[in-house]
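**Q** Okay, so here is query.tsv, and as you'll see once you scroll down, it has TSV, C-alpha atoms.
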chain	number	residue	atom	x	y	z
Z	215	MET	CA	100.96	99.63	117.99
Z	216	SER	CA	102.81	96.49	118.96
Z	217	GLN	CA	104.63	95.24	115.87
Z	218	ASN	CA	107.92	93.45	115.55
Z	219	ILE	CA	110.44	94.95	113.17
Z	220	ASN	CA	110.71	92.29	110.54
Z	221	LEU	CA	111.28	93.26	106.92
Z	222	LYS	CA	109.85	90.03	105.50
Z	223	GLU	CA	106.76	90.37	107.67
Z	224	ALA	CA	106.42	94.03	106.68
Z	225	ASP	CA	106.62	93.08	103.01
Z	226	ARG	CA	104.05	90.32	103.49
Z	227	LYS	CA	101.70	92.60	105.43
Z	228	ILE	CA	101.94	95.40	102.89
Z	229	PHE	CA	101.19	93.00	100.06
Z	230	SER	CA	98.42	90.93	101.65
Z	231	ALA	CA	96.70	94.12	102.84
Z	232	SER	CA	96.03	94.78	99.14
Z	233	PHE	CA	93.83	91.69	99.02
Z	234	ASP	CA	91.82	92.31	102.18
Z	235	ASP	CA	89.01	93.83	100.14
Z	236	GLY	CA	87.56	90.47	99.05
Z	237	LEU	CA	87.44	91.48	95.39
Z	238	LEU	CA	89.84	88.70	94.37
Z	239	ASP	CA	87.55	86.17	96.05
Z	240	ILE	CA	84.48	87.60	94.32
Z	241	PHE	CA	86.29	87.47	90.97
Z	242	LEU	CA	87.30	83.83	91.57
Z	243	ALA	CA	83.70	82.95	92.45
Z	244	CYS	CA	82.52	84.62	89.22
Z	245	TRP	CA	85.24	82.74	87.29
Z	246	LEU	CA	83.86	79.45	88.64
Z	247	LEU	CA	80.52	80.16	86.97
Z	248	ILE	CA	81.96	78.71	83.77
Z	249	PHE	CA	81.92	75.28	85.44
Z	250	ILE	CA	78.40	75.82	86.75
Z	251	LEU	CA	76.60	77.42	83.81
Z	252	GLY	CA	78.89	76.24	81.00
Z	253	PRO	CA	77.56	72.66	80.92
Z	254	PHE	CA	73.98	73.93	80.60
Z	255	LEU	CA	74.87	76.48	77.94
Z	256	SER	CA	76.71	73.84	75.92
Z	257	VAL	CA	73.38	72.17	75.22
Z	258	TYR	CA	72.31	75.26	73.24
Z	259	LEU	CA	75.60	76.77	72.12
Z	260	GLY	CA	77.91	73.78	71.78
Z	261	ASP	CA	81.05	73.17	73.83
Z	262	PHE	CA	83.20	75.82	72.14
Z	263	TRP	CA	80.76	78.76	72.19
Z	264	SER	CA	79.51	77.95	75.66
Z	265	SER	CA	83.08	78.55	76.86
Z	266	PHE	CA	83.75	81.48	74.54
Z	267	VAL	CA	80.71	83.38	75.80
Z	268	PHE	CA	82.40	83.69	79.19
Z	269	LEU	CA	85.20	85.90	77.87
Z	270	PRO	CA	83.06	89.07	77.61
Z	271	TYR	CA	81.37	88.09	80.88
Z	272	TRP	CA	84.75	87.98	82.68
Z	273	GLY	CA	85.65	91.26	81.02
Z	274	VAL	CA	82.54	92.93	82.42
Z	275	VAL	CA	83.10	91.40	85.88
Z	276	TYR	CA	86.72	92.57	85.82
Z	277	LEU	CA	85.73	96.13	84.83
Z	278	ILE	CA	83.06	96.30	87.53
Z	279	LEU	CA	85.44	95.06	90.23
Z	280	ARG	CA	88.14	97.45	89.00
Z	281	TRP	CA	85.66	100.33	89.26
Z	282	VAL	CA	84.76	99.23	92.81
Z	283	ARG	CA	88.44	98.99	93.67
Z	284	LYS	CA	89.16	102.48	92.37
Z	285	HIS	CA	86.13	104.30	93.75
Z	286	VAL	CA	85.23	102.36	96.90
Z	287	VAL	CA	88.30	100.47	98.12
Z	288	ASN	CA	91.29	102.66	97.23
Z	289	PRO	CA	89.93	105.84	98.87
Z	290	ARG	CA	89.59	103.80	102.07
Z	291	ILE	CA	92.80	101.76	102.14
Z	292	GLY	CA	95.07	103.79	99.87
Z	293	SER	CA	97.53	102.49	97.33
Z	294	VAL	CA	101.08	101.20	97.20
Z	295	LYS	CA	103.81	100.69	94.61
Z	296	TYR	CA	105.58	97.45	95.42
Z	297	GLY	CA	109.32	97.15	95.75
Z	298	PRO	CA	111.58	95.29	93.26
Z	299	ILE	CA	111.61	92.01	95.23
Z	300	ARG	CA	107.81	91.80	95.26
Z	301	ILE	CA	107.59	92.77	91.59
Z	302	LYS	CA	110.06	90.00	90.72
Z	303	LYS	CA	107.93	87.53	92.71
Z	304	LEU	CA	104.78	88.69	90.91
Z	305	THR	CA	106.49	88.35	87.52
Z	306	THR	CA	107.55	84.78	88.35
Z	307	PHE	CA	104.00	84.01	89.47
Z	308	THR	CA	102.52	85.46	86.25
Z	309	ILE	CA	104.85	83.36	84.09
Z	310	LEU	CA	104.03	80.19	86.05
Z	311	MET	CA	100.30	80.87	85.75
Z	312	LEU	CA	100.69	81.41	82.02
Z	313	VAL	CA	102.40	78.04	81.67
Z	314	LEU	CA	99.72	76.37	83.80
Z	315	ASN	CA	96.96	77.95	81.73
Z	316	ILE	CA	98.53	76.60	78.56
Z	317	ILE	CA	98.63	73.13	80.13
Z	318	PHE	CA	94.99	73.61	81.20
Z	319	LEU	CA	94.08	74.52	77.65
Z	320	LEU	CA	95.86	71.48	76.24
Z	321	LEU	CA	94.12	69.22	78.74
Z	322	GLY	CA	90.81	70.81	77.75
Z	323	ILE	CA	91.48	70.18	74.07
Z	324	VAL	CA	92.40	66.55	74.78
Z	325	ALA	CA	89.25	66.13	76.89
Z	326	PHE	CA	87.20	67.76	74.11
Z	327	LEU	CA	88.58	65.59	71.33
Z	328	MET	CA	88.54	62.24	73.13
Z	329	PRO	CA	85.45	60.43	74.38
Z	330	ILE	CA	85.27	61.00	78.13
Z	331	GLY	CA	83.63	57.77	79.30
Z	332	SER	CA	83.89	57.50	83.05
Z	333	GLY	CA	85.94	60.68	83.16
Z	334	TRP	CA	88.40	59.62	85.85
Z	335	ARG	CA	91.35	59.76	83.46
Z	336	PHE	CA	90.78	63.46	82.91
Z	337	ILE	CA	89.45	64.36	86.29
Z	338	LEU	CA	92.57	63.67	88.29
Z	339	PRO	CA	94.90	65.84	86.13
Z	340	PHE	CA	92.38	68.71	86.34
Z	341	SER	CA	92.15	68.31	90.10
Z	342	ALA	CA	95.93	68.33	90.39
Z	343	MET	CA	96.19	71.40	88.14
Z	344	LEU	CA	93.66	73.33	90.21
Z	345	LEU	CA	95.43	72.40	93.43
Z	346	ILE	CA	98.83	73.40	92.00
Z	347	SER	CA	97.52	76.69	90.55
Z	348	PHE	CA	95.86	77.83	93.76
Z	349	SER	CA	98.76	76.64	95.90
Z	350	LEU	CA	101.15	78.68	93.75
Z	351	GLY	CA	98.81	81.65	94.21
Z	352	GLY	CA	98.81	81.07	97.95
Z	353	TYR	CA	102.59	80.90	98.03
Z	354	PHE	CA	103.44	83.80	95.75
Z	355	LEU	CA	100.66	86.10	96.93
Z	356	GLY	CA	101.05	85.10	100.57
Z	357	LEU	CA	97.32	84.41	100.89
Z	358	THR	CA	96.65	81.32	103.03
Z	359	ARG	CA	93.02	81.07	101.97
Z	360	LEU	CA	94.05	80.27	98.39
Z	361	TYR	CA	95.49	76.95	99.60
Z	362	VAL	CA	92.07	76.14	101.08
Z	363	TYR	CA	90.29	77.21	97.88
Z	364	GLY	CA	92.67	75.01	95.87
Z	365	LEU	CA	91.99	72.03	98.07
Z	366	ILE	CA	88.20	72.26	98.00
Z	367	LEU	CA	88.23	72.96	94.25
Z	368	ALA	CA	90.46	69.95	93.65
Z	369	LEU	CA	88.04	67.85	95.69
Z	370	ALA	CA	85.02	69.30	93.88
Z	371	ILE	CA	85.91	67.49	90.66
Z	372	PRO	CA	86.13	63.89	91.96
Z	373	VAL	CA	83.18	64.47	94.30
Z	374	GLY	CA	81.16	65.71	91.31
Z	375	GLU	CA	82.14	62.63	89.31
Z	376	TRP	CA	81.17	60.44	92.26
Z	377	LEU	CA	77.77	62.16	92.47
Z	378	TYR	CA	77.36	61.67	88.73
Z	379	GLN	CA	78.21	57.97	88.80
Z	380	ASN	CA	76.24	57.12	91.94
Z	381	PHE	CA	73.31	59.53	91.93
Z	382	GLY	CA	73.13	60.63	88.32
Z	383	ALA	CA	74.01	64.26	89.04
Z	384	SER	CA	73.95	66.17	85.76
Z	385	HIS	CA	77.12	67.22	83.92
Z	386	HIS	CA	79.47	65.11	86.05
Z	387	GLY	CA	78.17	66.85	89.17
Z	388	PHE	CA	80.08	70.03	88.29
Z	389	PRO	CA	77.14	72.44	88.72
Z	390	VAL	CA	76.52	71.09	92.23
Z	391	THR	CA	80.08	70.88	93.54
Z	392	PHE	CA	81.46	73.99	91.83
Z	393	GLY	CA	78.30	75.87	92.74
Z	394	PHE	CA	78.88	74.96	96.38
Z	395	VAL	CA	82.54	76.04	96.29
Z	396	ALA	CA	81.77	79.23	94.34
Z	397	THR	CA	79.13	80.18	96.91
Z	398	ILE	CA	81.61	79.72	99.76
Z	399	ILE	CA	84.31	81.77	97.99
Z	400	PHE	CA	81.80	84.48	97.05
Z	401	LEU	CA	80.55	84.72	100.64
Z	402	VAL	CA	84.12	84.97	101.96
Z	403	GLY	CA	84.76	87.80	99.49
Z	404	LEU	CA	81.52	89.55	100.33
Z	405	VAL	CA	82.18	89.38	104.08
Z	406	LYS	CA	85.71	90.69	103.55
Z	407	PHE	CA	84.45	93.53	101.37
Z	408	ILE	CA	81.71	94.56	103.80
Z	409	THR	CA	84.13	94.35	106.74
Z	410	LEU	CA	86.67	96.50	104.94
Z	411	VAL	CA	84.12	99.17	104.03
Z	412	ARG	CA	82.70	99.12	107.56
Z	413	ASP	CA	86.08	99.29	109.33
Z	414	ASN	CA	87.74	101.79	107.02
Z	415	PRO	CA	85.71	104.97	106.70
Z	416	LEU	CA	86.77	107.52	104.15
Z	417	PRO	CA	89.71	109.58	105.45
Z	418	PRO	CA	89.03	113.18	106.49
Z	419	GLU	CA	88.98	115.70	103.66
Z	420	ASP	CA	91.76	117.76	105.25
Z	421	LEU	CA	94.42	115.14	105.88
Z	422	PRO	CA	96.96	116.43	108.40
Z	423	ILE	CA	99.79	115.71	106.00
Z	424	LEU	CA	98.79	118.74	103.97
Z	425	GLU	CA	98.83	121.05	106.96
Z	426	PRO	CA	101.93	123.07	107.84
Z	427	ASP	CA	104.39	121.08	109.93
Z	428	ASN	CA	104.02	121.85	113.62
Z	429	GLY	CA	105.70	118.75	114.99
U	165	MET	CA	133.14	82.92	132.17
U	166	ASP	CA	130.43	82.39	129.57
U	167	ASP	CA	128.10	84.72	131.44
U	168	GLN	CA	130.46	87.65	131.16
U	169	VAL	CA	129.85	90.39	128.66
U	170	PRO	CA	132.27	89.90	125.79
U	171	GLU	CA	134.99	92.49	125.58
U	172	ASN	CA	134.23	93.14	121.95
U	173	LEU	CA	130.74	94.40	122.74
U	174	GLU	CA	130.95	97.90	121.36
U	175	LEU	CA	128.54	100.02	123.31
U	176	LYS	CA	129.56	102.90	121.12
U	177	THR	CA	127.62	101.26	118.32
U	178	LEU	CA	124.49	101.43	120.43
U	179	VAL	CA	125.09	105.12	121.13
U	180	ASP	CA	125.72	105.72	117.44
U	181	LEU	CA	122.33	104.34	116.41
U	182	ASP	CA	120.42	107.05	114.60
U	183	PRO	CA	118.02	108.50	117.23
U	184	LEU	CA	115.72	109.73	114.48
U	185	ILE	CA	115.13	106.15	113.38
U	186	HIS	CA	115.26	104.65	116.87
U	187	ALA	CA	111.85	106.04	117.92
U	188	PRO	CA	109.45	103.04	117.70
U	189	ALA	CA	106.84	104.72	115.54
U	190	ARG	CA	109.40	106.08	113.06
U	191	LEU	CA	111.17	102.72	112.99
U	192	ILE	CA	107.92	101.05	111.97
U	193	VAL	CA	107.19	103.72	109.37
U	194	LEU	CA	110.67	103.32	107.88
U	195	THR	CA	110.42	99.52	107.92
U	196	TYR	CA	107.34	99.68	105.71
U	197	LEU	CA	108.84	102.35	103.47
U	198	TYR	CA	111.98	100.25	103.08
U	199	VAL	CA	110.13	97.33	101.48
U	200	VAL	CA	108.11	99.34	98.95
U	201	GLU	CA	108.87	101.74	96.13
U	202	ALA	CA	106.22	104.21	97.28
U	203	ILE	CA	103.14	104.16	99.45
U	204	ASP	CA	100.36	106.62	99.99
U	205	PHE	CA	99.49	108.23	103.30
U	206	VAL	CA	96.23	106.30	103.75
U	207	TYR	CA	97.84	102.90	103.14
U	208	LEU	CA	100.76	103.70	105.43
U	209	LYS	CA	98.36	104.83	108.16
U	210	ARG	CA	96.49	101.54	107.83
U	211	VAL	CA	99.51	99.22	108.08
U	212	THR	CA	101.31	101.19	110.81
U	213	GLU	CA	98.11	101.61	112.84
U	214	LEU	CA	99.20	105.14	113.81
U	215	SER	CA	96.75	108.02	114.06
U	216	TRP	CA	96.59	110.59	111.25
U	217	GLY	CA	98.24	113.28	113.34
U	218	ASN	CA	100.90	111.01	114.79
U	219	LEU	CA	101.89	109.64	111.40
U	220	SER	CA	101.94	113.13	109.95
U	221	ARG	CA	104.28	114.40	112.66
U	222	HIS	CA	106.70	111.51	112.29
U	223	LEU	CA	106.73	111.86	108.52
U	224	SER	CA	107.44	115.57	108.83
U	225	LYS	CA	110.49	114.83	110.97
U	226	LEU	CA	111.71	112.20	108.54
U	227	GLU	CA	111.16	114.61	105.65
U	228	GLU	CA	113.10	117.35	107.44
U	229	ALA	CA	115.99	114.92	107.84
U	230	GLY	CA	115.83	114.11	104.14
U	231	TYR	CA	114.94	110.48	104.80
U	232	VAL	CA	111.60	110.54	102.99
U	233	GLU	CA	110.10	112.56	100.19
U	234	MET	CA	106.43	113.29	99.86
U	235	GLU	CA	104.62	114.00	96.65
U	236	LYS	CA	101.45	115.92	97.46
U	237	THR	CA	98.83	116.01	94.74
U	238	PHE	CA	95.05	116.00	94.38
U	239	GLN	CA	93.08	113.05	93.05
U	240	ASP	CA	89.41	113.68	92.32
U	241	LYS	CA	89.76	116.96	94.24
U	242	LYS	CA	90.98	115.09	97.31
U	243	PRO	CA	94.49	115.33	98.78
U	244	HIS	CA	96.76	112.46	97.88
U	245	THR	CA	100.24	112.03	99.30
U	246	MET	CA	102.72	109.47	98.00
U	247	ILE	CA	105.65	108.81	100.30
U	248	ARG	CA	108.93	107.19	99.37
U	249	LEU	CA	112.25	106.60	101.05
U	250	THR	CA	115.08	108.70	99.67
U	251	ASP	CA	118.50	107.18	98.96
U	252	ARG	CA	119.73	108.91	102.09
U	253	GLY	CA	116.87	107.43	104.12
U	254	ARG	CA	117.51	103.98	102.68
U	255	ASP	CA	121.21	104.19	103.56
U	256	ALA	CA	120.40	105.47	107.05
U	257	PHE	CA	117.91	102.68	107.66
U	258	ARG	CA	120.38	100.07	106.40
U	259	ALA	CA	123.10	101.49	108.65
U	260	TYR	CA	120.68	101.46	111.59
U	261	LYS	CA	119.73	97.83	110.87
U	262	ASP	CA	123.36	96.76	110.61
U	263	GLY	CA	124.26	98.68	113.77
U	264	LEU	CA	121.42	97.13	115.72
U	265	GLN	CA	122.31	93.66	114.50
U	266	GLU	CA	125.91	94.26	115.52
U	267	VAL	CA	124.90	95.26	119.03
U	268	LEU	CA	122.34	92.50	119.50
U	269	GLY	CA	124.55	89.91	117.85
U	270	ASN	CA	127.24	90.57	120.42
U	271	LEU	CA	124.97	90.19	123.41
U	272	PRO	CA	125.68	87.13	125.56
U	273	ASP	CA	122.92	84.49	125.85
How does this structure look as structure tokens?
**A**
Amino acid sequence: MSQNINLKEADRKIFSASFDDGLLDIFLACWLLIFILGPFLSVYLGDFWSSFVFLPYWGVVYLILRWVRKHVVNPRIGSVKYGPIRIKKLTTFTILMLVLNIIFLLLGIVAFLMPIGSGWRFILPFSAMLLISFSLGGYFLGLTRLYVYGLILALAIPVGEWLYQNFGASHHGFPVTFGFVATIIFLVGLVKFITLVRDNPLPPEDLPILEPDNG
Amino acid sequence: MDDQVPENLELKTLVDLDPLIHAPARLIVLTYLYVVEAIDFVYLKRVTELSWGNLSRHLSKLEEAGYVEMEKTFQDKKPHTMIRLTDRGRDAFRAYKDGLQEVLGNLPD
């Protein structure tokens, strides 16, 4: 036990410890499937329904991960109710993400309604939006790896377009580049989850806190 | 003369620091409790890196002093303890922090 007494560090450690289970990473990797499978589905379902079909999919993924969190993770790492400062930070983050999602949606509508052509005009704003979104997540959630995810996701779009223009990769190269990034993020999440389960066995049934005080 | 201890260094402040909080393990426990609304025993054990028994003993002392309150329930037939800092504990920790800063702030370089 060699820790400095630092309230900001304590707050950061308490909060980031909530995300050591890898479930956020796994959810993000599942979210990226829309960029991987969506283009293929659009051939059969059209652009709108190929996106819409992912809503129930995300719902199921969310419920599964929530179940895992409640029955596998929480018994091992416990739970915490954050203080007012952290709640205020989370509220700010939620509002910012809402605004960014609306901008994302508007960009999507513009891209849907206008002929894409080479795609560069739309690619750069999407790249910037992904980088900003993940960087905000990294800052407000205190998770350094989100900055890295944001960077490689932002690069995935122009690299995909480059693959499309030079090597004829299907669907602007999205299935290849996003598939690569999603695999990395999923593996990070999986390793984190396995490590957490391995390193944090279930606490003893008779926790000492419920015994009579003898100290 | 710069190397001399300033006259305004109040050693009394150091003596007045709450000994209940001053113990390293309890100081760490209170630091974490200070930044949250409530935390359960398992989570607190994980971030403080104390053993079950050690953490339990320190929490009992803090509870006796009225610095923390513990809500002991059962979840899925398993014991579940939520711990929170009381107003008294929060005031005591704040006073300790201010006192320590006062002492350390007055130390010569």
**Q** Please identify all residues of chain U having at least one atom at most 7 Å from any atom of chain Z, considering all atoms listed in the file, and return them as a PDB file with C-alpha atoms, in the frame of the given file.
**A**
ATOM      1  CA  ILE U 192     107.920 101.050 111.970  1.00  0.00           C
ATOM      2  CA  THR U 195     110.420  99.520 107.920  1.00  0.00           C
ATOM      3  CA  TYR U 196     107.340  99.680 105.710  1.00  0.00           C
ATOM      4  CA  VAL U 199     110.130  97.330 101.480  1.00  0.00           C
ATOM      5  CA  VAL U 200     108.110  99.340  98.950  1.00  0.00           C
ATOM      6  CA  GLU U 201     108.870 101.740  96.130  1.00  0.00           C
ATOM      7  CA  ALA U 202     106.220 104.210  97.280  1.00  0.00           C
ATOM      8  CA  ILE U 203     103.140 104.160  99.450  1.00  0.00           C
ATOM      9  CA  ASP U 204     100.360 106.620  99.990  1.00  0.00           C
ATOM     10  CA  VAL U 206      96.230 106.300 103.750  1.00  0.00           C
ATOM     11  CA  TYR U 207      97.840 102.900 103.140  1.00  0.00           C
ATOM     12  CA  ARG U 210      96.490 101.540 107.830  1.00  0.00           C
ATOM     13  CA  VAL U 211      99.510  99.220 108.080  1.00  0.00           C
ATOM     14  CA  GLU U 213      98.110 101.610 112.840  1.00  0.00           C
ATOM     15  CA  TRP U 216      96.590 110.590 111.250  1.00  0.00           C
ATOM     16  CA  GLY U 217      98.240 113.280 113.340  1.00  0.00           C
ATOM     17  CA  SER U 220     101.940 113.130 109.950  1.00  0.00           C
ATOM     18  CA  ARG U 221     104.280 114.400 112.660  1.00  0.00           C
ATOM     19  CA  SER U 224     107.440 115.570 108.830  1.00  0.00           C
ATOM     20  CA  LYS U 242      90.980 115.090  97.310  1.00  0.00           C
TER      21      LYS U 242
END
**Q** Could you state the separation of atom CA of Ser349 of chain Z and atom CA of Phe233 of chain Z in Å, given to one decimal place?
**A** 16.1 Å
**Q** When you look at Phe205 of chain U with a cut-off of 7 Å (counting all atoms listed in the file), what residues show up, excluding the ones that are within fewer than 2 positions of it in the same chain? I need them as an NGL selection string.
**A** :U and (203 or 207-209 or 245-247)
**Q** So that I can check the surroundings of segment 252-263 of chain U, please list as a PyMOL selection string every protein, DNA and RNA residue that reaches within 12 Å of it, counting all atoms listed in the file and ignoring chain neighbours fewer than 4 positions away.
**A** (chain Z and resi 219-221) or (chain U and resi 173-187+190-201+223+225-233+247-248+267-270)
**Q** From the list Z:Val286, Z:Leu320, Z:Ile250, Z:Ile337, which residue is nearest His385 of chain Z when using only C-alpha atoms?
**A**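 Checking each of Z:Val286, Z:Leu320, Z:Ile250, Z:Ile337 against His385 of chain Z, counting only C-alpha atoms, the winner is Z:Ile250.
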**Q** Using atom CA of Cys244 of chain Z and atom CA of Lys302 of chain Z as the two end points, give the distance in Å to one decimal.
**A**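 Between atom CA of Cys244 of chain Z and atom CA of Lys302 of chain Z the gap works out to 28.1 Å.
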**Q** Quick one: residues within 12 Å of segment 256-263 of chain Z, all atoms listed in the file, excluding same-chain residues fewer than 6 positions away - as a count of residues only?
**A** 11
**Q** Name all residues at most 12 Å from Phe392 of chain Z (count all atoms listed in the file; drop same-chain ones fewer than 3 positions away) and give them as an NGL selection string.
**A** :Z and (242-253 or 363-364 or 366-375 or 385-389 or 395-400)
**Q** Keeping C-alpha atoms for every residue in the selection just given, could you write it to a file as an mmCIF file, in the coordinates of the input?
**A**
data_model
loop_
_atom_site.group_PDB
_atom_site.id
_atom_site.type_symbol
_atom_site.label_atom_id
_atom_site.label_comp_id
_atom_site.auth_asym_id
_atom_site.auth_seq_id
_atom_site.Cartn_x
_atom_site.Cartn_y
_atom_site.Cartn_z
ATOM 1 C CA LEU Z 242 87.300 83.830 91.570
ATOM 2 C CA ALA Z 243 83.700 82.950 92.450
ATOM 3 C CA CYS Z 244 82.520 84.620 89.220
ATOM 4 C CA TRP Z 245 85.240 82.740 87.290
ATOM 5 C CA LEU Z 246 83.860 79.450 88.640
ATOM 6 C CA LEU Z 247 80.520 80.160 86.970
ATOM 7 C CA ILE Z 248 81.960 78.710 83.770
ATOM 8 C CA PHE Z 249 81.920 75.280 85.440
ATOM 9 C CA ILE Z 250 78.400 75.820 86.750
ATOM 10 C CA LEU Z 251 76.600 77.420 83.810
ATOM 11 C CA GLY Z 252 78.890 76.240 81.000
ATOM 12 C CA PRO Z 253 77.560 72.660 80.920
ATOM 13 C CA TYR Z 363 90.290 77.210 97.880
ATOM 14 C CA GLY Z 364 92.670 75.010 95.870
ATOM 15 C CA ILE Z 366 88.200 72.260 98.000
ATOM 16 C CA LEU Z 367 88.230 72.960 94.250
ATOM 17 C CA ALA Z 368 90.460 69.950 93.650
ATOM 18 C CA LEU Z 369 88.040 67.850 95.690
ATOM 19 C CA ALA Z 370 85.020 69.300 93.880
ATOM 20 C CA ILE Z 371 85.910 67.490 90.660
ATOM 21 C CA PRO Z 372 86.130 63.890 91.960
ATOM 22 C CA VAL Z 373 83.180 64.470 94.300
ATOM 23 C CA GLY Z 374 81.160 65.710 91.310
ATOM 24 C CA GLU Z 375 82.140 62.630 89.310
ATOM 25 C CA HIS Z 385 77.120 67.220 83.920
ATOM 26 C CA HIS Z 386 79.470 65.110 86.050
ATOM 27 C CA GLY Z 387 78.170 66.850 89.170
ATOM 28 C CA PHE Z 388 80.080 70.030 88.290
ATOM 29 C CA PRO Z 389 77.140 72.440 88.720
ATOM 30 C CA VAL Z 395 82.540 76.040 96.290
ATOM 31 C CA ALA Z 396 81.770 79.230 94.340
ATOM 32 C CA THR Z 397 79.130 80.180 96.910
ATOM 33 C CA ILE Z 398 81.610 79.720 99.760
ATOM 34 C CA ILE Z 399 84.310 81.770 97.990
ATOM 35 C CA PHE Z 400 81.800 84.480 97.050
#
**Q** Which distance in Å separates atom CA of Phe307 of chain Z and atom CA of Phe348 of chain Z, to one decimal?
**A**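 Those two atoms sit 11.1 Å apart.
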**Q** Can you sort out the box for segment 262-276 of chain Z, edges along x, y and z, all listed atoms in, 8 Å on every side, with centre and edge lengths in Å to one decimal, as AutoDock Vina command-line options?
**A**
--center_x 83.1 --center_y 84.4 --center_z 79.0 --size_x 23.2 --size_y 33.1 --size_z 29.7
